[in-house]
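Heads up, data_35.pdb below (PDB, C-alpha atoms):
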```pdb
ATOM      1  CA  MET A 201     -29.840   0.288  20.154
ATOM      2  CA  ARG A 202     -26.068   0.109  19.873
ATOM      3  CA  ARG A 203     -24.060  -2.759  21.260
ATOM      4  CA  GLN A 204     -22.819  -2.099  24.776
ATOM      5  CA  PHE A 205     -19.293  -2.431  26.088
ATOM      6  CA  THR A 206     -19.610  -4.948  28.930
ATOM      7  CA  ILE A 207     -16.093  -5.235  30.387
ATOM      8  CA  SER A 208     -16.144  -3.808  33.894
ATOM      9  CA  TYR A 209     -14.132  -0.896  35.208
ATOM     10  CA  ARG A 210     -12.669  -3.287  37.794
ATOM     11  CA  GLU A 211     -11.272  -5.486  35.024
ATOM     12  CA  ILE A 212      -9.763  -2.520  33.152
ATOM     13  CA  ILE A 213      -7.892  -1.250  36.223
ATOM     14  CA  SER A 214      -6.984  -4.667  37.624
ATOM     15  CA  VAL A 215      -3.366  -5.328  38.540
ATOM     16  CA  GLU A 216      -3.379  -8.227  36.072
ATOM     17  CA  ASN A 217      -4.436  -5.960  33.220
ATOM     18  CA  LEU A 218      -1.944  -3.256  34.219
ATOM     19  CA  LEU A 219       0.904  -5.807  34.262
ATOM     20  CA  GLY A 220      -0.198  -7.218  30.910
ATOM     21  CA  ALA A 221      -0.301  -3.677  29.534
ATOM     22  CA  TRP A 222       3.203  -3.071  30.892
ATOM     23  CA  GLN A 223       4.607  -6.001  28.911
ATOM     24  CA  GLU A 224       3.052  -4.617  25.742
ATOM     25  CA  PHE A 225       4.144  -1.068  26.498
ATOM     26  CA  LEU A 226       7.718  -2.195  27.181
ATOM     27  CA  ARG A 227       8.364  -3.525  23.668
ATOM     28  CA  GLY A 228      11.089  -1.483  22.028
ATOM     29  CA  LYS A 229      11.424   0.854  25.006
ATOM     30  CA  HIS A 230      13.867  -1.007  27.279
ATOM     31  CA  GLY A 231      16.583   1.586  26.675
ATOM     32  CA  LYS A 232      14.465   4.632  27.546
ATOM     33  CA  GLN A 233      15.547   6.290  30.784
ATOM     34  CA  ASP A 234      12.036   7.131  31.997
ATOM     35  CA  VAL A 235      10.930   3.560  31.343
ATOM     36  CA  GLN A 236      13.921   2.167  33.240
ATOM     37  CA  LEU A 237      13.199   4.410  36.225
ATOM     38  CA  PHE A 238       9.576   3.272  36.321
ATOM     39  CA  GLN A 239      10.646  -0.370  36.073
ATOM     40  CA  LEU A 240      13.045  -0.053  39.033
ATOM     41  CA  HIS A 241       9.994   0.004  41.297
ATOM     42  CA  LEU A 242       7.523  -1.607  38.929
ATOM     43  CA  MET A 243       5.219  -3.313  41.418
ATOM     44  CA  ASP A 244       5.100  -0.297  43.714
ATOM     45  CA  ASN A 245       4.268   1.943  40.753
ATOM     46  CA  VAL A 246       1.628  -0.427  39.368
ATOM     47  CA  LEU A 247      -0.008  -0.933  42.762
ATOM     48  CA  THR A 248      -0.087   2.808  43.439
ATOM     49  CA  LEU A 249      -1.696   3.422  40.057
ATOM     50  CA  HIS A 250      -4.202   0.630  40.706
ATOM     51  CA  TYR A 251      -5.147   2.015  44.134
ATOM     52  CA  GLU A 252      -5.658   5.517  42.739
ATOM     53  CA  LEU A 253      -7.851   4.173  39.946
ATOM     54  CA  ARG A 254      -9.805   1.985  42.350
ATOM     55  CA  ASN A 255     -10.351   4.876  44.787
ATOM     56  CA  LEU A 256     -11.184   7.277  41.928
ATOM     57  CA  THR A 257      -8.345   9.621  42.937
ATOM     58  CA  TYR A 258      -6.268   9.174  39.766
ATOM     59  CA  THR A 259      -5.328  12.338  37.889
ATOM     60  CA  HIS A 260      -3.657  12.442  34.486
ATOM     61  CA  GLY A 261      -0.334  14.269  34.295
ATOM     62  CA  GLY A 262       0.974  16.701  31.714
ATOM     63  CA  TYR A 263       2.727  16.152  28.393
ATOM     64  CA  HIS A 264       6.211  16.559  26.969
ATOM     65  CA  HIS A 265       5.986  18.336  23.618
ATOM     66  CA  PHE A 266       8.356  17.834  20.702
ATOM     67  CA  LYS A 267       8.254  17.979  16.907
ATOM     68  CA  ILE A 268       8.968  15.337  14.265
ATOM     69  CA  ASN A 269       8.994  15.300  10.465
ATOM     70  CA  ASP A 270       6.882  12.356   9.286
ATOM     71  CA  PRO A 271       7.316  13.534   6.493
ATOM     72  CA  LYS A 272       5.659  16.863   7.262
ATOM     73  CA  PRO A 273       6.187  18.592  10.626
ATOM     74  CA  ARG A 274       4.012  17.161  13.388
ATOM     75  CA  ASP A 275       3.547  18.116  17.018
ATOM     76  CA  ILE A 276       3.895  15.149  19.358
ATOM     77  CA  HIS A 277       2.742  15.273  22.964
ATOM     78  CA  LYS A 278       4.097  12.435  25.092
ATOM     79  CA  ALA A 279       2.575  11.574  28.454
ATOM     80  CA  SER A 280       4.472  10.161  31.422
ATOM     81  CA  VAL A 281       5.267   6.449  31.585
ATOM     82  CA  ARG A 282       2.629   6.043  34.285
ATOM     83  CA  ASP A 283      -0.087   7.605  32.149
ATOM     84  CA  ARG A 284       0.988   5.744  29.014
ATOM     85  CA  LEU A 285       0.764   2.484  30.957
ATOM     86  CA  LEU A 286      -2.847   3.330  31.747
ATOM     87  CA  HIS A 287      -3.477   4.150  28.080
ATOM     88  CA  HIS A 288      -2.286   0.655  27.157
ATOM     89  CA  ALA A 289      -4.455  -0.911  29.855
ATOM     90  CA  ILE A 290      -7.524   0.913  28.521
ATOM     91  CA  TYR A 291      -6.654   0.157  24.907
ATOM     92  CA  ARG A 292      -6.169  -3.590  25.369
ATOM     93  CA  LYS A 293      -9.703  -3.908  26.793
ATOM     94  CA  LEU A 294     -11.555  -1.473  24.533
ATOM     95  CA  TYR A 295      -9.916  -2.210  21.186
ATOM     96  CA  PRO A 296     -11.257  -5.785  20.681
ATOM     97  CA  PHE A 297     -14.821  -4.561  21.289
ATOM     98  CA  PHE A 298     -14.734  -1.500  19.055
ATOM     99  CA  ASP A 299     -12.685  -3.063  16.273
ATOM    100  CA  LYS A 300     -15.592  -5.428  15.572
ATOM    101  CA  LEU A 301     -17.895  -2.433  15.103
ATOM    102  CA  PHE A 302     -15.732  -0.619  12.560
ATOM    103  CA  ILE A 303     -16.381  -1.026   8.854
ATOM    104  CA  ALA A 304     -14.010  -3.355   7.004
ATOM    105  CA  ASP A 305     -12.594  -0.540   4.882
ATOM    106  CA  SER A 306     -11.271   1.647   7.685
ATOM    107  CA  TYR A 307      -7.539   0.869   7.674
ATOM    108  CA  SER A 308      -5.845   3.257  10.086
ATOM    109  CA  CYS A 309      -4.310   2.010  13.367
ATOM    110  CA  ARG A 310      -5.956  -1.415  13.235
ATOM    111  CA  LEU A 311      -4.489  -4.886  13.493
ATOM    112  CA  ARG A 312      -4.025  -6.679  10.163
ATOM    113  CA  LYS A 313      -4.859  -3.478   8.272
ATOM    114  CA  GLY A 314      -2.440  -0.655   7.316
ATOM    115  CA  THR A 315      -1.508   1.173   4.129
ATOM    116  CA  HIS A 316      -0.533  -1.899   2.072
ATOM    117  CA  ARG A 317      -3.885  -3.560   2.646
ATOM    118  CA  ALA A 318      -5.665  -0.274   1.939
ATOM    119  CA  ASN A 319      -3.814   0.070  -1.366
ATOM    120  CA  ASN A 320      -4.638  -3.507  -2.317
ATOM    121  CA  ARG A 321      -8.289  -2.946  -1.467
ATOM    122  CA  LEU A 322      -8.236   0.147  -3.674
ATOM    123  CA  ARG A 323      -7.071  -2.044  -6.535
ATOM    124  CA  VAL A 324     -10.011  -4.394  -5.952
ATOM    125  CA  PHE A 325     -12.426  -1.456  -5.945
ATOM    126  CA  PHE A 326     -10.851  -0.027  -9.111
ATOM    127  CA  ASN A 327     -11.505  -3.288 -10.931
ATOM    128  CA  ILE A 328     -15.081  -3.562  -9.664
ATOM    129  CA  VAL A 329     -16.087   0.023 -10.462
ATOM    130  CA  SER A 330     -14.349   0.101 -13.840
ATOM    131  CA  LYS A 331     -15.568  -3.413 -14.674
ATOM    132  CA  ASN A 332     -11.980  -4.423 -15.369
ATOM    133  CA  ASN A 333     -11.166  -1.212 -17.238
ATOM    134  CA  THR A 334     -14.190  -1.284 -19.539
ATOM    135  CA  ARG A 335     -15.625   1.995 -18.174
ATOM    136  CA  ILE A 336     -14.329   5.130 -16.458
ATOM    137  CA  CYS A 337     -13.673   4.916 -12.724
ATOM    138  CA  TRP A 338     -14.014   8.245 -10.935
ATOM    139  CA  VAL A 339     -12.371   8.832  -7.566
ATOM    140  CA  LEU A 340     -13.455  11.427  -5.021
ATOM    141  CA  LYS A 341     -10.450  12.064  -2.788
ATOM    142  CA  CYS A 342     -10.770  14.051   0.456
ATOM    143  CA  ASP A 343      -8.590  15.104   3.351
ATOM    144  CA  ILE A 344      -9.897  16.191   6.764
ATOM    145  CA  ARG A 345      -8.377  19.480   7.835
ATOM    146  CA  LYS A 346      -6.300  19.403  11.067
ATOM    147  CA  PHE A 347      -7.685  15.984  11.877
ATOM    148  CA  PHE A 348      -6.455  15.191  15.396
ATOM    149  CA  ALA A 349      -6.466  18.856  16.440
ATOM    150  CA  SER A 350     -10.142  19.235  15.480
ATOM    151  CA  ILE A 351     -11.704  16.364  17.427
ATOM    152  CA  ASP A 352     -14.363  17.930  19.654
ATOM    153  CA  HIS A 353     -14.257  16.490  23.181
ATOM    154  CA  GLN A 354     -17.939  16.916  23.994
ATOM    155  CA  THR A 355     -18.993  15.257  20.755
ATOM    156  CA  LEU A 356     -16.539  12.437  21.410
ATOM    157  CA  PHE A 357     -17.920  11.958  24.925
ATOM    158  CA  MET A 358     -21.449  11.668  23.547
ATOM    159  CA  VAL A 359     -20.334   9.051  21.033
ATOM    160  CA  LEU A 360     -18.502   7.073  23.724
ATOM    161  CA  ASP A 361     -21.498   7.294  26.066
ATOM    162  CA  ASP A 362     -23.637   5.532  23.461
ATOM    163  CA  TYR A 363     -21.472   2.447  23.914
ATOM    164  CA  ILE A 364     -20.146   2.704  27.475
ATOM    165  CA  LYS A 365     -22.735   2.820  30.244
ATOM    166  CA  ASP A 366     -20.400   2.165  33.181
ATOM    167  CA  ASP A 367     -19.989   5.568  34.844
ATOM    168  CA  ARG A 368     -16.499   4.884  36.165
ATOM    169  CA  THR A 369     -15.196   3.736  32.783
ATOM    170  CA  ALA A 370     -16.804   6.736  31.084
ATOM    171  CA  ARG A 371     -15.264   9.128  33.635
ATOM    172  CA  LEU A 372     -11.833   7.556  33.190
ATOM    173  CA  LEU A 373     -12.011   8.010  29.421
ATOM    174  CA  ARG A 374     -13.073  11.607  29.930
ATOM    175  CA  LYS A 375     -10.059  12.183  32.169
ATOM    176  CA  VAL A 376      -7.695  10.796  29.545
ATOM    177  CA  VAL A 377      -9.269  12.752  26.678
ATOM    178  CA  SER A 378      -9.543  15.973  28.715
ATOM    179  CA  SER A 379      -5.884  15.758  29.753
ATOM    180  CA  PHE A 380      -4.997  17.466  26.474
ATOM    181  CA  SER A 381      -6.546  20.227  24.410
ATOM    182  CA  SER A 382      -5.218  22.091  21.417
ATOM    183  CA  THR A 383      -7.619  24.994  22.053
ATOM    184  CA  SER A 384      -9.300  26.648  25.009
ATOM    185  CA  VAL A 385     -12.683  25.104  24.140
ATOM    186  CA  GLY A 386     -11.836  21.417  24.480
ATOM    187  CA  THR A 387     -10.740  20.110  21.113
ATOM    188  CA  GLY A 388      -7.871  17.989  19.909
ATOM    189  CA  LEU A 389      -6.183  14.693  20.724
ATOM    190  CA  PRO A 390      -2.454  14.207  21.354
ATOM    191  CA  LEU A 391      -0.689  12.259  18.603
ATOM    192  CA  GLY A 392       1.493  10.545  21.209
ATOM    193  CA  ASN A 393      -1.348   8.705  22.986
ATOM    194  CA  LEU A 394      -2.249   5.133  22.092
ATOM    195  CA  THR A 395      -5.813   5.867  23.180
ATOM    196  CA  SER A 396      -5.988   8.685  20.618
ATOM    197  CA  GLN A 397      -5.624   6.159  17.799
ATOM    198  CA  LEU A 398      -8.609   4.224  19.069
ATOM    199  CA  VAL A 399     -10.984   7.040  19.980
ATOM    200  CA  VAL A 400     -10.405   8.851  16.693
ATOM    201  CA  ASN A 401     -11.537   5.690  14.886
ATOM    202  CA  ILE A 402     -14.595   5.519  17.167
ATOM    203  CA  TYR A 403     -15.268   9.175  16.306
ATOM    204  CA  MET A 404     -14.905   8.625  12.557
ATOM    205  CA  ASN A 405     -17.019   5.484  12.703
ATOM    206  CA  GLU A 406     -20.010   7.836  12.943
ATOM    207  CA  PHE A 407     -19.098   9.232   9.535
ATOM    208  CA  GLU A 408     -18.398   5.795   8.114
ATOM    209  CA  LEU A 409     -21.783   4.443   9.173
ATOM    210  CA  PHE A 410     -23.353   7.498   7.530
ATOM    211  CA  MET A 411     -21.401   6.880   4.327
ATOM    212  CA  LYS A 412     -22.337   3.210   4.185
ATOM    213  CA  HIS A 413     -25.958   3.262   5.376
ATOM    214  CA  LYS A 414     -27.219   6.714   4.349
ATOM    215  CA  LEU A 415     -25.236   7.578   1.240
ATOM    216  CA  MET A 416     -24.826   3.925   0.244
ATOM    217  CA  ALA A 417     -21.174   4.492  -0.670
ATOM    218  CA  ARG A 418     -20.165   0.896  -1.363
ATOM    219  CA  HIS A 419     -16.636   1.718  -2.496
ATOM    220  CA  TYR A 420     -15.235   3.849   0.313
ATOM    221  CA  ILE A 421     -11.833   3.585   2.011
ATOM    222  CA  ARG A 422     -10.296   5.646   4.819
ATOM    223  CA  TYR A 423      -6.809   5.792   6.260
ATOM    224  CA  ALA A 424      -6.385   8.403   9.029
ATOM    225  CA  ASP A 425      -7.465  11.781   7.600
ATOM    226  CA  ASP A 426      -7.548  10.640   3.952
ATOM    227  CA  PHE A 427     -10.528   8.926   2.382
ATOM    228  CA  VAL A 428     -11.744   8.110  -1.106
ATOM    229  CA  VAL A 429     -15.077   7.195  -2.690
ATOM    230  CA  LEU A 430     -15.126   5.437  -6.052
ATOM    231  CA  SER A 431     -17.937   5.414  -8.589
ATOM    232  CA  HIS A 432     -18.553   5.114 -12.314
ATOM    233  CA  SER A 433     -20.720   8.249 -11.993
ATOM    234  CA  LYS A 434     -18.906  11.546 -11.614
ATOM    235  CA  SER A 435     -22.216  13.370 -11.101
ATOM    236  CA  TRP A 436     -23.091  11.133  -8.131
ATOM    237  CA  LEU A 437     -19.761  11.911  -6.484
ATOM    238  CA  GLU A 438     -20.362  15.617  -7.075
ATOM    239  CA  SER A 439     -23.823  15.315  -5.522
ATOM    240  CA  ILE A 440     -22.682  13.591  -2.302
ATOM    241  CA  LEU A 441     -19.758  15.927  -1.657
ATOM    242  CA  PRO A 442     -21.828  18.781  -0.101
ATOM    243  CA  ILE A 443     -23.809  16.218   1.927
ATOM    244  CA  MET A 444     -20.573  14.786   3.296
ATOM    245  CA  ARG A 445     -19.296  18.262   4.126
ATOM    246  CA  SER A 446     -22.497  19.120   5.982
ATOM    247  CA  PHE A 447     -22.447  15.911   8.019
ATOM    248  CA  LEU A 448     -18.820  16.345   9.045
ATOM    249  CA  VAL A 449     -19.377  19.944  10.146
ATOM    250  CA  ALA A 450     -22.753  19.501  11.839
ATOM    251  CA  THR A 451     -22.178  16.125  13.499
ATOM    252  CA  LEU A 452     -18.435  15.915  14.131
ATOM    253  CA  SER A 453     -17.204  19.536  13.905
ATOM    254  CA  LEU A 454     -14.756  18.514  11.195
ATOM    255  CA  SER A 455     -14.076  20.153   7.851
ATOM    256  CA  LEU A 456     -12.517  19.035   4.604
ATOM    257  CA  HIS A 457      -9.235  20.617   3.579
ATOM    258  CA  PRO A 458     -10.227  23.089   0.835
ATOM    259  CA  ASN A 459      -7.110  22.356  -1.234
ATOM    260  CA  LYS A 460      -7.234  18.584  -0.908
ATOM    261  CA  VAL A 461     -10.589  17.656  -2.383
ATOM    262  CA  SER A 462     -10.660  16.372  -5.950
ATOM    263  CA  ILE A 463     -12.609  14.194  -8.339
ATOM    264  CA  THR A 464     -10.366  12.594 -10.954
ATOM    265  CA  SER A 465     -10.483   9.622 -13.246
ATOM    266  CA  LEU A 466      -8.308   6.661 -12.425
ATOM    267  CA  ALA A 467      -6.761   6.893 -15.893
ATOM    268  CA  SER A 468      -5.287  10.312 -15.021
ATOM    269  CA  GLY A 469      -3.754   9.013 -11.783
ATOM    270  CA  VAL A 470      -4.936   9.109  -8.178
ATOM    271  CA  ASP A 471      -2.328  10.094  -5.581
ATOM    272  CA  ILE A 472      -3.084   8.534  -2.197
ATOM    273  CA  LEU A 473      -1.299   6.593   0.554
ATOM    274  CA  GLY A 474       2.162   7.163  -0.884
ATOM    275  CA  TRP A 475       1.365   5.854  -4.362
ATOM    276  CA  VAL A 476      -0.046   7.215  -7.602
ATOM    277  CA  HIS A 477      -2.631   4.720  -8.847
ATOM    278  CA  PHE A 478      -3.477   4.172 -12.522
ATOM    279  CA  THR A 479      -5.784   1.730 -14.275
ATOM    280  CA  ASP A 480      -3.252  -1.108 -14.492
ATOM    281  CA  HIS A 481      -0.399  -0.173 -12.150
ATOM    282  CA  ARG A 482       0.774   2.129  -9.373
ATOM    283  CA  VAL A 483       4.008   4.053  -8.944
ATOM    284  CA  LEU A 484       5.654   5.543  -5.901
ATOM    285  CA  ARG A 485       4.744   9.161  -5.188
ATOM    286  CA  THR A 486       7.546  11.575  -6.154
ATOM    287  CA  ALA A 487       7.727  13.041  -2.648
ATOM    288  CA  THR A 488       8.060   9.535  -1.195
ATOM    289  CA  LYS A 489      10.913   8.730  -3.596
ATOM    290  CA  ARG A 490      12.751  11.910  -2.636
ATOM    291  CA  ARG A 491      12.318  11.141   1.043
ATOM    292  CA  MET A 492      13.606   7.613   0.484
ATOM    293  CA  TRP A 493      16.805   8.836  -1.187
ATOM    294  CA  ARG A 494      17.333  11.477   1.510
ATOM    295  CA  LYS A 495      17.251   8.790   4.174
ATOM    296  CA  LEU A 496      19.364   6.269   2.269
ATOM    297  CA  LEU A 497      22.147   8.275   0.692
ATOM    298  CA  PRO A 498      23.831   9.676   3.826
ATOM    299  CA  ALA A 499      24.119   6.354   5.649
ATOM    300  CA  ALA A 500      22.182   3.362   4.373
ATOM    301  CA  THR A 501      21.660   0.580   6.904
ATOM    302  CA  HIS A 502      20.349  -2.959   6.621
ATOM    303  CA  GLU A 503      17.116  -1.873   8.305
ATOM    304  CA  THR A 504      16.379   1.104   6.047
ATOM    305  CA  VAL A 505      17.259  -0.791   2.865
ATOM    306  CA  ALA A 506      15.072  -3.736   3.886
ATOM    307  CA  SER A 507      12.237  -1.383   4.809
ATOM    308  CA  TYR A 508      12.247   0.380   1.450
ATOM    309  CA  LYS A 509      12.625  -2.883  -0.449
ATOM    310  CA  GLY A 510       9.478  -4.085   1.260
ATOM    311  CA  LEU A 511       7.692  -0.872   0.323
ATOM    312  CA  LEU A 512       8.764  -0.933  -3.321
ATOM    313  CA  ARG A 513       7.613  -4.509  -3.839
ATOM    314  CA  HIS A 514       4.031  -3.337  -3.372
ATOM    315  CA  GLY A 515       4.016  -1.431  -6.656
ATOM    316  CA  ASN A 516       5.553  -1.110 -10.098
ATOM    317  CA  SER A 517       9.020  -0.071  -8.963
ATOM    318  CA  HIS A 518      11.504  -2.360 -10.729
ATOM    319  CA  LYS A 519      13.780   0.520 -11.729
ATOM    320  CA  LEU A 520      13.791   1.900  -8.199
ATOM    321  CA  LEU A 521      14.614  -1.541  -6.803
ATOM    322  CA  ASP A 522      17.527  -1.861  -9.235
ATOM    323  CA  GLU A 523      18.782   1.594  -8.265
ATOM    324  CA  LEU A 524      18.428   0.740  -4.591
ATOM    325  CA  LYS A 525      20.584  -2.367  -5.102
ATOM    326  CA  ARG A 526      23.141  -0.281  -6.984
ATOM    327  CA  ILE A 527      23.588   2.374  -4.286
ATOM    328  CA  ALA A 528      23.613  -0.119  -1.430
ATOM    329  CA  PRO A 529      25.137  -3.318  -2.867
ATOM    330  CA  VAL A 530      26.919  -4.286   0.335
ATOM    331  CA  LEU A 531      23.664  -4.182   2.254
ATOM    332  CA  ASP A 532      21.657  -6.096  -0.330
TER     333      ASP A 532
END
```

The structure in this file should be written as structure tokens.
Amino acid sequence: MRRQFTISYREIISVENLLGAWQEFLRGKHGKQDVQLFQLHLMDNVLTLHYELRNLTYTHGGYHHFKINDPKPRDIHKASVRDRLLHHAIYRKLYPFFDKLFIADSYSCRLRKGTHRANNRLRVFFNIVSKNNTRICWVLKCDIRKFFASIDHQTLFMVLDDYIKDDRTARLLRKVVSSFSSTSVGTGLPLGNLTSQLVVNIYMNEFELFMKHKLMARHYIRYADDFVVLSHSKSWLESILPIMRSFLVATLSLSLHPNKVSITSLASGVDILGWVHFTDHRVLRTATKRRMWRKLLPAATHETVASYKGLLRHGNSHKLLDELKRIAPVLD
């Protein structure tokens, strides 16, 4: 039997939790007009939200849609301040419980994880599988097609129900998830929701448990919709690929991107998480370098220069660092 989430609905919707969530939500948003308007009558707004949640009359509002390039075009759907406050309140109670259940090598949207730690863990796995470059290390690299847009609501609800037995908490999560759909049949999560980051990891945890306990994939790493499996046996990777595909389709209604599945040797270079990894070093992906120069050359600022310096120090990028200092000497 799976571990059960024991925090009560009353604690999730409490005024204390809503106010704590507000302080977290507010970071970096003080200048936003909608946030300022909500804060003008903060206690009234929080108490009204609390009463609606307590009386089970709360309804989730709509979304404001806009596009960003990060670096590829993405559709963002932003909820109202009121609804985003609730998302934070839910997240701050659910995240500590579920984070303990996730495998160590899931790195997306988790505290003390991220792309740098994922890349460093890859390096550890490379050394283990290759026995410090004394044998070939093969890497199966996969990408889930239309990741957020393909999350099936009913499947997600069943997964959540395995952990959450409180009916009111389960219904609240269903309201939040059902507030958005990318199709007419109840699929998709909005990229703008904090809760989306958590529930997509809960969803993918089903796959990760399958990978670890059924396929015995010891050297597996995932970040968002990208994941890799490492092995010294190319034939083993080829054999598990159709099994993985079948599980994703049958259990989670997800599919692998047909043009983004490959099995390559580490010696030939593995392009993932912004870097191209080789046996003894890694270099910045060409597309990432081009994006960096596009952002820096028009108007370099202290913040952008510092950000890219931090990025470049995680790989073999001495020449790029020297060039960065040359084009932005005043900001160095």

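Non-sequential neighbours of A:Val429 (distance at most 8 Å, separation of 5 or more positions within a chain, all atoms listed in the file) are Val339, Leu340, Lys341, Ala417, His419, Tyr420, Ile421 and Leu437 of chain A.
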
Could you write those residues out with C-alpha atoms, as a tab-separated table (two decimals), in the coordinates of the input?
```
chain	number	residue	atom	x	y	z
A	339	VAL	CA	-12.37	8.83	-7.57
A	340	LEU	CA	-13.46	11.43	-5.02
A	341	LYS	CA	-10.45	12.06	-2.79
A	417	ALA	CA	-21.17	4.49	-0.67
A	419	HIS	CA	-16.64	1.72	-2.50
A	420	TYR	CA	-15.24	3.85	0.31
A	421	ILE	CA	-11.83	3.58	2.01
A	437	LEU	CA	-19.76	11.91	-6.48
```

Check what the PyMOL selection byres ((chain A and resi 398-403) around 9) selects in the file above and give those residues as a ChimeraX atom specification.
-> /A:291,294-295,298-299,301-302,306,308-310,348,351,355-356,359-360,377,389,394-397,404-407,424,452

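Interatomic distance, atom CA of A:Val235 to atom CA of A:His287: 14.8 Å.
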
What residues come out when you apply the PyMOL selection byres ((chain A and resi 457-470) around 6) to this file, written as a PyMOL selection string?
-> chain A and resi 337-345+456+471+476-479

Picked residues, the PyMOL selection byres ((chain A and resi 271-284) around 9), as a ChimeraX atom specification = /A:225,234-235,238,245-246,249,260-270,285-289,376,380,390-395,488,491

Using all atoms listed in the file, determine which residues lie at most 12 Å from A:Thr257, disregarding the query and same-chain residues fewer than 3 positions distant; provide the list as a ChimeraX atom specification.
-> /A:248-254,260,368,371-372,375

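Each of A:Lys331, A:Arg203, A:Arg482, A:Arg210 was checked against A:Asp367 using all atoms listed in the file; the smallest atom-to-atom distance is that of A:Arg210.
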
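Between atom CA of A:Met201 and atom CA of A:Tyr363 there is a distance of 9.4 Å.
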
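Here atom CA of A:Lys232 is placed at a distance of 24.5 Å from atom CA of A:Tyr258.
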
Which polymer residues have any atom within 12 Å of an atom of A:Thr315, counting all atoms listed in the file, with same-chain residues fewer than 2 positions away left out, as a VMD selection string?
-> chain A and resid 305 to 313 317 to 322 421 to 424 426 472 to 475 511 514

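Each of A:His230, A:Arg485, A:His353, A:Lys346 was checked against A:Ser384 using only C-alpha atoms; the smallest atom-to-atom distance is that of A:His353.
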